[in-house]
Amino acid sequence: MITDVASILKVCGIGHYLHFGDGQQTLVFELIKRSIDAHGIDPSATLVQQNQSRAPGRFTQGNFQQYPFNKETFDTVIIGSEIVGFDTQETLSLLKNLYSTTKRNLVLYFTPDILQAIASRPEGYRLFWEKLAIAAGFRRHPREMLVTPYQALENESVGTLTFFERIPEAALQKFPMQWLLDNRDLHMDMLREAGRRSDGHVSRYVLAASRIHAGDTVLDAACGLGYGTAVLAACSEGARFIGVDIDPLSADYANMNFAANNPTLSYRACDVTQLTFIPDHSVDVVVSFETIEHLENYDLFLSEVKRVLKPDGRFIGSVPNLWCDETGKDPNPYHFHVFDWQKLHNDLNRYFIVDGRWAQTAGGGFKLRNGKREMQMIHLQQAVNFDTEWWIFSANMDPRKTKELAYTNPFHRHASTPAPDHVDFEKFYDNPWLYRVLVQQGIRLLDDNTLLTFCIEVANESRKGSADQGAALCVIGYRILESGHIQLEDLVKFAKHVNDYEAAHDPSNIHAYRWNLSLHYVSARLLLAIGQRDEALNAFLACAALDPTIATPLLATKTISSRFYAGIILVGNENIDAAREQFQLGIKEAHRVLQGDWKNIIGDFERPLTFGLAEAAEVLHTANQCAEALAALERQNTTPGYFWDHIHLKFFGLLEWNRGLENENNVLKNNLAYLLRKTAVSA
């Protein structure tokens with residue numbers, strides 16, 4: 001139940017809720033506990049009275065025929081048992097009634113007993129409900145795949161939760177389902193289509209949304225009827241979404257269906273090879289799925305993408321993989337080109353840094369008709385010894401080639417005052433456009449080898465001692481640490497670069513200072529990883545002696561962690577008193593750094609930097625590990641296992657630990673995908 005409520009709120013959010021039927025109305029009580037304005041309606045006077053005694057004013061007797069509320073009173077209507085057990089036409093009629101009842105969302109909530117009862121009937125399949133809900137005036141909810149991943153939809157049975165969104169009435173009248181069917185050869189709104197092909201199309205936009213970050217301006221090029229742009233807006237933190245398509249009627253459809261109630265969305269008719277209304281280098285992310293195969297001269301389009309993207313911008317798209325007949329040509333008359341991965345990579349690489357790819361299959365189409373819903377990230381260095389329907393790619397601009405352009409700070413887009421120093425990249429970097437591509441988690445280059453190569457090039461090309469060089473060196477250091485395969489020769493080379501950087505950097509440049517401190521920390525971690533305990537202890541103590549507040553109090557995670565690691569090493573050296581001092585100093589450091597000005601933590605109190613308090617909490621969490629170590633220290637001599645059990649070393653290597661889990665998970669997924677393909681071939 002708790003998981004179900006969390007999923008409902010993740011998709012539908014805060015608002016006015018109504019739950020039809022289902023007896024004890026446990027769901028309503030769970031929603032109320034989370035500050036949601038939730039109500040229940042049930043035909044049983046007894047159950048309503050019982051529930052009213054627990055939550056007065058929250059429950060009403062009624063049903064479809066005796067509905068006591070005005071139309072569109074509730075943002076979200078949830079229904080379960082009240083809608084099963086009817087024939088198809090009756091079910092469609094009930095769903096049409098629900099269209100008038102809800103203002104925005106419809107949730108089908110089937111508890112295990114309902115699912116068991118309908119398992120062998122048409123109602124037991126998701127396709128049944130999708131088709132009827134779409135016919136009743138709903139569309140598939142653009143956020144549904146955030147709680148039901150694409151691969152999970154391969155189970156065709158209806159699940160506990162199915163989400164729909166109400167189509168605006170004016171849009172529904174102007175563009176009924178028959179209009180969509182008549183124009184299907186040109187475009188289709190995949191939120192108004194049921195089945196695996198629509199699942200495949202929608203899932204790409206959900207993937208692309210994960211590469212969009214707070215405040216981003218996003219262009220969906222060749223957006224068709226605009227459903228994908230709406231998914232991007234619904235599933236990301238972006239600020240502005242522009243959909244363009246060459247067909248004016250498609251733009252009209254998109255504006256009426258999606259932009260009417262969402263001011264962040266806009267659509268217009270435009271040739272994607274001539275995006276003249278978009279200024280140079282003004283877009284953070286371009287998304288364009290299955291476009292370039294439709295363009296006779298797709299270089300014109302790729303050139304336009306490069307022109308409109310900011311120097312640290314991202315490009316996400318897809319092409320069909322080898323959709324061709326025995327003649328080597330694509331039988332689709334609208335496709336001018338056939339791509340495999342190598343051709344696609346070579347074409348993209350002339351304009352961008354290609355940093356990620358996914359193989360996707362949906363089944364039910366021209367190619368791999370019996371394929372399953374799969375979307376798997378494939379490392380760029382991995383050999384492709386399998387077939388797939390589509391290639392999805394991620395690519396980045398190379399910020400080194402446009403560093404002279406005026407910088408727009410993604411962390412400080414709206415404020416009229418200067419950016420806080422710890423995010424003022426323009427002031428402290430020679431090329432501030434490098435930051436997001438090199439450093440920022442979730443945005444920087446995806447592929448490990450591509451990122452490492454880029455960092456090595458930046459470290460060699462940048463001015464000695466600059467923040468640019470320091471950032472690149474630090475990422476290289478962590479790449480070595482996270483690899484788990486540290487060679488002494490590599491460490492010696494890296495140590496020389498770190499020493500040279502320390503000698504060359506300007507301590508008054510707070511970002512250069514930041515990277516110098518961080519390089520001390522990662523060097524200590526590397527020494528510890530190859531068993532050089534004495535050298536690591538000295539390196540940790542040297543890092544801990546630096547003052548993080550010169551850059552930002554948030555940097556104290558490194559100095560406090562250094563105290564913690566130094567303490568652990570000293571415990572192993574049986575120097576308990578010295579270890580105790582290090583743990584105490586770690587706690588005192590947290591107290592000291594968080595007492596100062598919070599400008600270099602959160603910036604403006606009215607528009608706080610979203611990462612600031614989270615990282616300040618990490619400072620306290622790191623200090624808390626020192627406190628845990630102090631509390632358990634007296635047991636080290638008598639029960640060493642007790643002490644170890646009460647310190648959480650994993651926290652201090654969380655990124656490497658997560659990466660290790662991710663690698664193991666990818667191996668398992670690759671093995672599973674291989675077995676599934678092998679099974680499919682055998683069948």
# chains A, B, ... in the order shown; residues from 1 in each chain; ligands from 1
call {"tool": "closest_atom_pairs", "arguments": {"of": "segment 413-512 of chain A", "to": "segment 336-357 of chain A", "cutoff": "12 Å", "atoms": "only C-alpha atoms", "output": "CSV"}}
result
residue,atom,partner,partner_atom,distance
A:Val437,CA,A:Ile353,CA,10.4
A:Ile443,CA,A:Asp355,CA,10.9
A:Arg444,CA,A:Asp355,CA,9.2
A:Leu445,CA,A:Asp355,CA,5.7
A:Leu446,CA,A:Asp355,CA,5.4
A:Asp447,CA,A:Asp355,CA,5.1
A:Asp448,CA,A:Asp355,CA,8.6
A:Asn449,CA,A:Asp355,CA,9.0
A:Thr450,CA,A:Asp355,CA,6.3
A:Leu451,CA,A:Asp355,CA,7.9
A:Leu452,CA,A:Asp355,CA,11.2
A:Thr453,CA,A:Ile353,CA,11.1
A:Phe454,CA,A:Ile353,CA,9.3
call {"tool": "write_last_selection", "arguments": {"atoms": "all heavy atoms", "output": "JSON list (two decimals), in the first residue's frame"}}
result
[["chain", "number", "residue", "atom", "x", "y", "z"],
["A", 437, "VAL", "N", 30.37, 19.51, -18.69],
["A", 437, "VAL", "CA", 30.79, 18.35, -19.49],
["A", 437, "VAL", "C", 31.79, 17.49, -18.72],
["A", 437, "VAL", "O", 31.80, 16.27, -18.84],
["A", 437, "VAL", "CB", 31.38, 18.83, -20.82],
["A", 437, "VAL", "CG1", 31.83, 17.64, -21.67],
["A", 437, "VAL", "CG2", 30.36, 19.66, -21.59],
["A", 443, "ILE", "N", 25.15, 15.07, -15.99],
["A", 443, "ILE", "CA", 25.24, 15.83, -17.24],
["A", 443, "ILE", "C", 26.55, 15.54, -17.96],
["A", 443, "ILE", "O", 26.59, 15.50, -19.19],
["A", 443, "ILE", "CB", 25.12, 17.35, -16.96],
["A", 443, "ILE", "CG1", 23.69, 17.68, -16.52],
["A", 443, "ILE", "CG2", 25.48, 18.17, -18.18],
["A", 443, "ILE", "CD1", 23.44, 19.15, -16.33],
["A", 444, "ARG", "N", 27.61, 15.31, -17.20],
["A", 444, "ARG", "CA", 28.92, 15.13, -17.84],
["A", 444, "ARG", "C", 28.91, 13.92, -18.77],
["A", 444, "ARG", "O", 27.96, 13.12, -18.77],
["A", 444, "ARG", "CB", 30.01, 15.00, -16.79],
["A", 444, "ARG", "CG", 29.98, 13.71, -15.99],
["A", 444, "ARG", "CD", 31.06, 13.76, -14.93],
["A", 444, "ARG", "NE", 31.15, 12.53, -14.17],
["A", 444, "ARG", "CZ", 31.96, 12.37, -13.13],
["A", 444, "ARG", "NH1", 32.74, 13.37, -12.75],
["A", 444, "ARG", "NH2", 32.00, 11.22, -12.48],
["A", 445, "LEU", "N", 29.95, 13.79, -19.54],
["A", 445, "LEU", "CA", 30.04, 12.71, -20.52],
["A", 445, "LEU", "C", 29.74, 11.36, -19.88],
["A", 445, "LEU", "O", 30.28, 11.02, -18.83],
["A", 445, "LEU", "CB", 31.43, 12.70, -21.16],
["A", 445, "LEU", "CG", 31.79, 13.96, -21.97],
["A", 445, "LEU", "CD1", 33.26, 13.92, -22.39],
["A", 445, "LEU", "CD2", 30.90, 14.09, -23.19],
["A", 446, "LEU", "N", 28.89, 10.58, -20.52],
["A", 446, "LEU", "CA", 28.40, 9.34, -19.93],
["A", 446, "LEU", "C", 29.42, 8.21, -19.97],
["A", 446, "LEU", "O", 29.61, 7.50, -18.98],
["A", 446, "LEU", "CB", 27.13, 8.88, -20.67],
["A", 446, "LEU", "CG", 25.82, 9.59, -20.35],
["A", 446, "LEU", "CD1", 24.74, 9.12, -21.32],
["A", 446, "LEU", "CD2", 25.40, 9.29, -18.92],
["A", 447, "ASP", "N", 30.03, 8.02, -21.11],
["A", 447, "ASP", "CA", 30.92, 6.87, -21.30],
["A", 447, "ASP", "C", 32.24, 7.09, -20.56],
["A", 447, "ASP", "O", 32.88, 8.14, -20.70],
["A", 447, "ASP", "CB", 31.18, 6.67, -22.79],
["A", 447, "ASP", "CG", 32.09, 5.50, -23.06],
["A", 447, "ASP", "OD1", 31.64, 4.35, -22.92],
["A", 447, "ASP", "OD2", 33.27, 5.74, -23.40],
["A", 448, "ASP", "N", 32.64, 6.12, -19.75],
["A", 448, "ASP", "CA", 33.83, 6.26, -18.91],
["A", 448, "ASP", "C", 35.08, 6.54, -19.74],
["A", 448, "ASP", "O", 35.87, 7.44, -19.41],
["A", 448, "ASP", "CB", 34.05, 4.98, -18.09],
["A", 448, "ASP", "CG", 33.05, 4.85, -16.96],
["A", 448, "ASP", "OD1", 32.39, 5.86, -16.64],
["A", 448, "ASP", "OD2", 32.91, 3.75, -16.40],
["A", 449, "ASN", "N", 35.30, 5.77, -20.79],
["A", 449, "ASN", "CA", 36.50, 5.96, -21.60],
["A", 449, "ASN", "C", 36.49, 7.29, -22.33],
["A", 449, "ASN", "O", 37.53, 7.95, -22.48],
["A", 449, "ASN", "CB", 36.66, 4.81, -22.60],
["A", 449, "ASN", "CG", 37.11, 3.53, -21.94],
["A", 449, "ASN", "OD1", 37.53, 3.53, -20.80],
["A", 449, "ASN", "ND2", 37.02, 2.43, -22.66],
["A", 450, "THR", "N", 35.32, 7.69, -22.81],
["A", 450, "THR", "CA", 35.20, 8.98, -23.49],
["A", 450, "THR", "C", 35.50, 10.12, -22.52],
["A", 450, "THR", "O", 36.22, 11.07, -22.85],
["A", 450, "THR", "CB", 33.80, 9.14, -24.09],
["A", 450, "THR", "OG1", 33.53, 8.04, -24.96],
["A", 450, "THR", "CG2", 33.67, 10.44, -24.86],
["A", 451, "LEU", "N", 34.95, 10.01, -21.31],
["A", 451, "LEU", "CA", 35.20, 11.03, -20.30],
["A", 451, "LEU", "C", 36.68, 11.08, -19.93],
["A", 451, "LEU", "O", 37.27, 12.16, -19.83],
["A", 451, "LEU", "CB", 34.35, 10.75, -19.05],
["A", 451, "LEU", "CG", 34.57, 11.68, -17.85],
["A", 451, "LEU", "CD1", 34.21, 13.12, -18.20],
["A", 451, "LEU", "CD2", 33.75, 11.20, -16.65],
["A", 452, "LEU", "N", 37.29, 9.91, -19.73],
["A", 452, "LEU", "CA", 38.70, 9.87, -19.35],
["A", 452, "LEU", "C", 39.59, 10.47, -20.44],
["A", 452, "LEU", "O", 40.49, 11.27, -20.17],
["A", 452, "LEU", "CB", 39.12, 8.42, -19.06],
["A", 452, "LEU", "CG", 40.56, 8.21, -18.59],
["A", 452, "LEU", "CD1", 40.82, 8.98, -17.30],
["A", 452, "LEU", "CD2", 40.85, 6.72, -18.39],
["A", 453, "THR", "N", 39.31, 10.11, -21.69],
["A", 453, "THR", "CA", 40.09, 10.66, -22.81],
["A", 453, "THR", "C", 39.94, 12.17, -22.87],
["A", 453, "THR", "O", 40.93, 12.91, -23.06],
["A", 453, "THR", "CB", 39.64, 10.03, -24.14],
["A", 453, "THR", "OG1", 39.84, 8.62, -24.08],
["A", 453, "THR", "CG2", 40.41, 10.61, -25.31],
["A", 454, "PHE", "N", 38.72, 12.65, -22.71],
["A", 454, "PHE", "CA", 38.46, 14.09, -22.75],
["A", 454, "PHE", "C", 39.21, 14.80, -21.62],
["A", 454, "PHE", "O", 39.82, 15.86, -21.82],
["A", 454, "PHE", "CB", 36.96, 14.33, -22.65],
["A", 454, "PHE", "CG", 36.56, 15.77, -22.79],
["A", 454, "PHE", "CD1", 36.57, 16.39, -24.03],
["A", 454, "PHE", "CD2", 36.16, 16.50, -21.68],
["A", 454, "PHE", "CE1", 36.19, 17.72, -24.17],
["A", 454, "PHE", "CE2", 35.78, 17.83, -21.81],
["A", 454, "PHE", "CZ", 35.80, 18.44, -23.06]]
call {"tool": "residues_around", "arguments": {"residues": "Asn321 of chain A", "least_positions_apart": "3", "cutoff": "12 Å", "atoms": "only C-alpha atoms", "output": "list in words"}}
result
Glu290, Glu293, Ser318, Cys324, Asp330, His337, Val338, Phe339, Asp340, Trp341, Gln342, Lys343, Leu344, Trp358, Ala359, Gln360, Thr361, Phe366, Lys367, Leu368, Val384, Phe386, Asp387, Thr388, Glu389, Trp390, Trp391, Ile392 and Phe393 of chain A
call {"tool": "closest_residue", "arguments": {"among": "A:Arg479, A:Arg104, A:His621, A:Lys310", "to": "Ala406 of chain A", "atoms": "only C-alpha atoms"}}
result
A:Lys310
call {"tool": "residues_around", "arguments": {"residues": "Glu237 of chain A", "least_positions_apart": "5", "cutoff": "10 Å", "atoms": "only C-alpha atoms", "output": "MDAnalysis selection string"}}
result
chainID A and resid 209:216 232
call {"tool": "select_by_dssp", "arguments": {"residues": "segment 186-274 of chain A", "states": "helix (DSSP H, G or I)", "output": "ChimeraX atom specification"}}
result
/A:190-192,196-209,227-235,248-259
call {"tool": "write_last_selection", "arguments": {"atoms": "N, CA and C atoms", "output": "tab-separated table (two decimals), in the first residue's frame"}}
result
chain	number	residue	atom	x	y	z
A	190	MET	N	1.48	9.05	-29.69
A	190	MET	CA	1.69	7.75	-29.04
A	190	MET	C	1.12	7.68	-27.63
A	191	LEU	N	0.70	8.80	-27.08
A	191	LEU	CA	-0.03	8.75	-25.81
A	191	LEU	C	-1.49	8.40	-26.03
A	192	ARG	N	-1.92	8.41	-27.29
A	192	ARG	CA	-3.29	8.02	-27.62
A	192	ARG	C	-3.29	6.74	-28.45
A	196	ARG	N	2.74	-2.13	-27.75
A	196	ARG	CA	4.19	-2.15	-27.60
A	196	ARG	C	4.89	-1.11	-28.47
A	197	ARG	N	4.36	-0.78	-29.65
A	197	ARG	CA	5.04	0.21	-30.48
A	197	ARG	C	5.00	1.59	-29.81
A	198	SER	N	3.85	1.93	-29.27
A	198	SER	CA	3.77	3.22	-28.57
A	198	SER	C	4.62	3.20	-27.31
A	199	ASP	N	4.68	2.07	-26.63
A	199	ASP	CA	5.58	1.95	-25.46
A	199	ASP	C	7.01	2.30	-25.86
A	200	GLY	N	7.44	1.76	-27.00
A	200	GLY	CA	8.81	2.00	-27.44
A	200	GLY	C	9.08	3.47	-27.70
A	201	HIS	N	8.15	4.16	-28.35
A	201	HIS	CA	8.34	5.57	-28.67
A	201	HIS	C	8.36	6.43	-27.40
A	202	VAL	N	7.40	6.20	-26.51
A	202	VAL	CA	7.31	7.02	-25.29
A	202	VAL	C	8.54	6.82	-24.41
A	203	SER	N	9.02	5.58	-24.34
A	203	SER	CA	10.12	5.27	-23.43
A	203	SER	C	11.39	6.04	-23.76
A	204	ARG	N	11.60	6.35	-25.05
A	204	ARG	CA	12.79	7.11	-25.43
A	204	ARG	C	12.78	8.51	-24.83
A	205	TYR	N	11.61	9.10	-24.82
A	205	TYR	CA	11.51	10.45	-24.26
A	205	TYR	C	11.73	10.43	-22.75
A	206	VAL	N	11.28	9.37	-22.09
A	206	VAL	CA	11.53	9.25	-20.65
A	206	VAL	C	13.03	9.12	-20.41
A	207	LEU	N	13.72	8.36	-21.25
A	207	LEU	CA	15.17	8.27	-21.15
A	207	LEU	C	15.81	9.63	-21.37
A	208	ALA	N	15.39	10.34	-22.42
A	208	ALA	CA	15.97	11.65	-22.72
A	208	ALA	C	15.73	12.63	-21.57
A	209	ALA	N	14.59	12.52	-20.91
A	209	ALA	CA	14.28	13.43	-19.80
A	209	ALA	C	15.31	13.32	-18.68
A	227	TYR	N	3.63	14.85	-28.53
A	227	TYR	CA	3.49	14.07	-27.30
A	227	TYR	C	4.83	13.90	-26.59
A	228	GLY	N	5.91	13.74	-27.37
A	228	GLY	CA	7.23	13.53	-26.77
A	228	GLY	C	7.72	14.75	-26.04
A	229	THR	N	7.47	15.93	-26.60
A	229	THR	CA	7.84	17.17	-25.92
A	229	THR	C	7.12	17.25	-24.58
A	230	ALA	N	5.84	16.84	-24.58
A	230	ALA	CA	5.06	16.85	-23.33
A	230	ALA	C	5.63	15.87	-22.32
A	231	VAL	N	6.11	14.71	-22.78
A	231	VAL	CA	6.74	13.74	-21.88
A	231	VAL	C	8.02	14.33	-21.29
A	232	LEU	N	8.82	14.99	-22.13
A	232	LEU	CA	10.04	15.63	-21.64
A	232	LEU	C	9.72	16.64	-20.55
A	233	ALA	N	8.69	17.46	-20.77
A	233	ALA	CA	8.30	18.47	-19.80
A	233	ALA	C	7.78	17.84	-18.51
A	234	ALA	N	7.04	16.73	-18.65
A	234	ALA	CA	6.44	16.09	-17.48
A	234	ALA	C	7.47	15.34	-16.64
A	235	CYS	N	8.54	14.86	-17.26
A	235	CYS	CA	9.46	13.95	-16.58
A	235	CYS	C	10.82	14.57	-16.26
A	248	PRO	N	2.24	22.30	-40.17
A	248	PRO	CA	1.53	23.28	-39.33
A	248	PRO	C	0.37	22.67	-38.54
A	249	LEU	N	-0.34	21.70	-39.13
A	249	LEU	CA	-1.47	21.11	-38.42
A	249	LEU	C	-0.99	20.31	-37.21
A	250	SER	N	0.18	19.70	-37.33
A	250	SER	CA	0.75	18.97	-36.18
A	250	SER	C	1.07	19.94	-35.05
A	251	ALA	N	1.63	21.10	-35.38
A	251	ALA	CA	1.92	22.10	-34.35
A	251	ALA	C	0.63	22.60	-33.70
A	252	ASP	N	-0.42	22.75	-34.50
A	252	ASP	CA	-1.73	23.17	-33.97
A	252	ASP	C	-2.26	22.11	-33.00
A	253	TYR	N	-2.16	20.86	-33.41
A	253	TYR	CA	-2.59	19.75	-32.54
A	253	TYR	C	-1.84	19.79	-31.22
A	254	ALA	N	-0.52	19.93	-31.30
A	254	ALA	CA	0.31	19.90	-30.10
A	254	ALA	C	-0.01	21.06	-29.17
A	255	ASN	N	-0.21	22.24	-29.73
A	255	ASN	CA	-0.53	23.40	-28.89
A	255	ASN	C	-1.85	23.21	-28.18
A	256	MET	N	-2.85	22.68	-28.86
A	256	MET	CA	-4.16	22.49	-28.23
A	256	MET	C	-4.14	21.37	-27.20
A	257	ASN	N	-3.42	20.30	-27.50
A	257	ASN	CA	-3.43	19.12	-26.63
A	257	ASN	C	-2.50	19.23	-25.44
A	258	PHE	N	-1.35	19.89	-25.62
A	258	PHE	CA	-0.32	19.86	-24.58
A	258	PHE	C	0.07	21.22	-24.03
A	259	ALA	N	0.12	22.23	-24.89
A	259	ALA	CA	0.60	23.54	-24.44
A	259	ALA	C	-0.49	24.38	-23.80
call {"tool": "residues_around", "arguments": {"residues": "segment 586-602 of chain A", "least_positions_apart": "2", "cutoff": "10 Å", "atoms": "only C-alpha atoms", "output": "PyMOL selection string"}}
result
chain A and resi 419-423+544+547-557+559-564+567+580-584+604-616+619-627
call {"tool": "write_last_selection", "arguments": {"atoms": "N, CA and C atoms", "output": "compact mmCIF listing (two decimals), in the first residue's frame"}}
result
# COMPACT_ATOMS: atom_id res chain seq x y z
N ALA A 419 26.76 35.70 -8.98
CA ALA A 419 26.69 34.31 -8.54
C ALA A 419 27.58 34.09 -7.32
N PRO A 420 27.17 33.23 -6.39
CA PRO A 420 28.06 32.86 -5.29
C PRO A 420 29.37 32.32 -5.85
N ASP A 421 30.46 32.58 -5.15
CA ASP A 421 31.78 32.21 -5.68
C ASP A 421 31.88 30.72 -6.01
N HIS A 422 31.25 29.87 -5.21
CA HIS A 422 31.46 28.43 -5.45
C HIS A 422 30.75 27.92 -6.71
N VAL A 423 29.88 28.76 -7.32
CA VAL A 423 29.30 28.39 -8.62
C VAL A 423 29.58 29.47 -9.67
N ALA A 544 43.53 17.29 5.41
CA ALA A 544 42.73 17.77 6.53
C ALA A 544 43.20 19.12 7.04
N ASP A 547 42.01 24.50 4.51
CA ASP A 547 40.77 25.14 4.96
C ASP A 547 39.74 25.13 3.83
N PRO A 548 38.69 24.33 3.93
CA PRO A 548 37.70 24.26 2.85
C PRO A 548 36.89 25.53 2.68
N THR A 549 36.76 26.33 3.74
CA THR A 549 35.91 27.51 3.65
C THR A 549 36.48 28.58 2.72
N ILE A 550 37.74 28.46 2.35
CA ILE A 550 38.29 29.38 1.35
C ILE A 550 37.50 29.25 0.05
N ALA A 551 37.04 28.05 -0.25
CA ALA A 551 36.21 27.81 -1.45
C ALA A 551 34.74 27.75 -1.08
N THR A 552 34.37 26.78 -0.26
CA THR A 552 32.99 26.59 0.19
C THR A 552 33.00 25.63 1.36
N PRO A 553 32.15 25.85 2.37
CA PRO A 553 32.06 24.90 3.48
C PRO A 553 31.73 23.48 3.02
N LEU A 554 31.11 23.37 1.85
CA LEU A 554 30.73 22.04 1.35
C LEU A 554 31.93 21.16 1.07
N LEU A 555 33.07 21.79 0.85
CA LEU A 555 34.30 21.03 0.59
C LEU A 555 34.80 20.30 1.83
N ALA A 556 34.20 20.60 2.98
CA ALA A 556 34.61 19.94 4.22
C ALA A 556 34.31 18.45 4.22
N THR A 557 33.48 17.98 3.30
CA THR A 557 33.32 16.53 3.20
C THR A 557 34.67 15.85 2.98
N THR A 559 37.79 17.19 3.89
CA THR A 559 38.69 17.33 5.04
C THR A 559 38.23 16.47 6.21
N ILE A 560 36.92 16.38 6.43
CA ILE A 560 36.41 15.54 7.52
C ILE A 560 36.63 14.06 7.18
N SER A 561 36.39 13.69 5.94
CA SER A 561 36.67 12.31 5.52
C SER A 561 38.14 11.98 5.72
N SER A 562 39.01 12.96 5.47
CA SER A 562 40.44 12.74 5.68
C SER A 562 40.73 12.47 7.15
N ARG A 563 40.08 13.21 8.05
CA ARG A 563 40.24 12.94 9.49
C ARG A 563 39.76 11.53 9.82
N PHE A 564 38.65 11.15 9.24
CA PHE A 564 38.10 9.82 9.50
C PHE A 564 39.06 8.73 9.03
N GLY A 567 42.05 8.48 11.16
CA GLY A 567 41.71 7.79 12.40
C GLY A 567 41.67 6.28 12.23
N ARG A 580 41.60 8.79 18.26
CA ARG A 580 40.54 9.55 18.93
C ARG A 580 40.65 11.04 18.58
N GLU A 581 41.86 11.56 18.56
CA GLU A 581 42.04 12.98 18.25
C GLU A 581 41.56 13.30 16.84
N GLN A 582 41.84 12.41 15.89
CA GLN A 582 41.41 12.65 14.51
C GLN A 582 39.89 12.64 14.39
N PHE A 583 39.24 11.70 15.05
CA PHE A 583 37.77 11.66 15.01
C PHE A 583 37.18 12.93 15.64
N GLN A 584 37.77 13.37 16.75
CA GLN A 584 37.29 14.59 17.41
C GLN A 584 37.49 15.81 16.51
N ASP A 604 21.33 32.34 -2.68
CA ASP A 604 20.22 33.20 -2.30
C ASP A 604 19.18 32.40 -1.52
N PHE A 605 18.74 32.92 -0.35
CA PHE A 605 17.76 32.19 0.45
C PHE A 605 16.41 32.10 -0.27
N GLU A 606 16.10 33.07 -1.11
CA GLU A 606 14.82 33.02 -1.82
C GLU A 606 14.84 32.03 -2.98
N ARG A 607 16.01 31.86 -3.58
CA ARG A 607 16.17 30.88 -4.66
C ARG A 607 17.39 30.03 -4.35
N PRO A 608 17.31 29.19 -3.35
CA PRO A 608 18.50 28.45 -2.90
C PRO A 608 18.98 27.46 -3.96
N LEU A 609 20.29 27.27 -3.99
CA LEU A 609 20.86 26.23 -4.84
C LEU A 609 20.40 24.88 -4.30
N THR A 610 19.80 24.08 -5.16
CA THR A 610 19.13 22.86 -4.68
C THR A 610 20.10 21.85 -4.09
N PHE A 611 21.37 21.89 -4.53
CA PHE A 611 22.31 20.91 -4.01
C PHE A 611 22.94 21.36 -2.69
N GLY A 612 22.80 22.64 -2.33
CA GLY A 612 23.55 23.20 -1.21
C GLY A 612 23.28 22.54 0.12
N LEU A 613 22.01 22.49 0.53
CA LEU A 613 21.69 21.91 1.83
C LEU A 613 21.91 20.40 1.84
N ALA A 614 21.70 19.75 0.70
CA ALA A 614 21.97 18.31 0.62
C ALA A 614 23.44 18.03 0.89
N GLU A 615 24.33 18.86 0.31
CA GLU A 615 25.76 18.64 0.54
C GLU A 615 26.17 19.10 1.94
N ALA A 616 25.47 20.11 2.49
CA ALA A 616 25.73 20.49 3.88
C ALA A 616 25.35 19.34 4.81
N VAL A 619 28.10 16.98 4.95
CA VAL A 619 29.15 17.40 5.89
C VAL A 619 28.83 16.86 7.28
N LEU A 620 27.58 17.03 7.70
CA LEU A 620 27.18 16.54 9.02
C LEU A 620 27.19 15.02 9.08
N HIS A 621 26.77 14.40 8.01
CA HIS A 621 26.76 12.93 7.99
C HIS A 621 28.18 12.39 8.10
N THR A 622 29.10 13.05 7.40
CA THR A 622 30.50 12.62 7.47
C THR A 622 31.04 12.78 8.89
N ALA A 623 30.69 13.93 9.52
CA ALA A 623 31.11 14.13 10.91
C ALA A 623 30.47 13.11 11.84
N ASN A 624 29.25 12.71 11.51
CA ASN A 624 28.57 11.71 12.34
C ASN A 624 29.30 10.37 12.31
N GLN A 625 29.95 10.06 11.19
CA GLN A 625 30.73 8.82 11.14
C GLN A 625 31.91 8.90 12.11
N CYS A 626 32.47 10.12 12.25
CA CYS A 626 33.52 10.30 13.26
C CYS A 626 32.95 10.09 14.66
N ALA A 627 31.73 10.57 14.89
CA ALA A 627 31.09 10.38 16.19
C ALA A 627 30.82 8.90 16.46
call {"tool": "select_by_dssp", "arguments": {"residues": "segment 65-119 of chain A", "states": "strand (DSSP E or B)", "output": "list in words"}}
result
Phe74, Asp75, Thr76, Val77, Ile78, Ile79, Thr102, Lys103, Arg104, Asn105, Leu106, Val107, Leu108 and Tyr109 of chain A
call {"tool": "closest_residue", "arguments": {"among": "A:Thr417, A:Ser462, A:Ser282, A:Thr26", "to": "Asn431 of chain A", "atoms": "only C-alpha atoms"}}
result
A:Ser462
call {"tool": "atom_distance", "arguments": {"atom1": "atom CA of Asp490 of chain A", "atom2": "atom CA of Ala539 of chain A"}}
result
17.6 Å
call {"tool": "residues_around", "arguments": {"residues": "Ile246 of chain A", "least_positions_apart": "3", "cutoff": "7 Å", "atoms": "only C-alpha atoms", "output": "list in words"}}
result
Ala269, Cys270 and Asp271 of chain A
call {"tool": "residues_around", "arguments": {"residues": "Ala45 of chain A", "least_positions_apart": "6", "cutoff": "12 Å", "atoms": "only C-alpha atoms", "output": "number ranges by chain"}}
result
A: 21, 23-24, 51-52, 59-63
call {"tool": "atom_distance", "arguments": {"atom1": "atom CA of Arg314 of chain A", "atom2": "atom CA of Ile510 of chain A"}}
result
28.0 Å
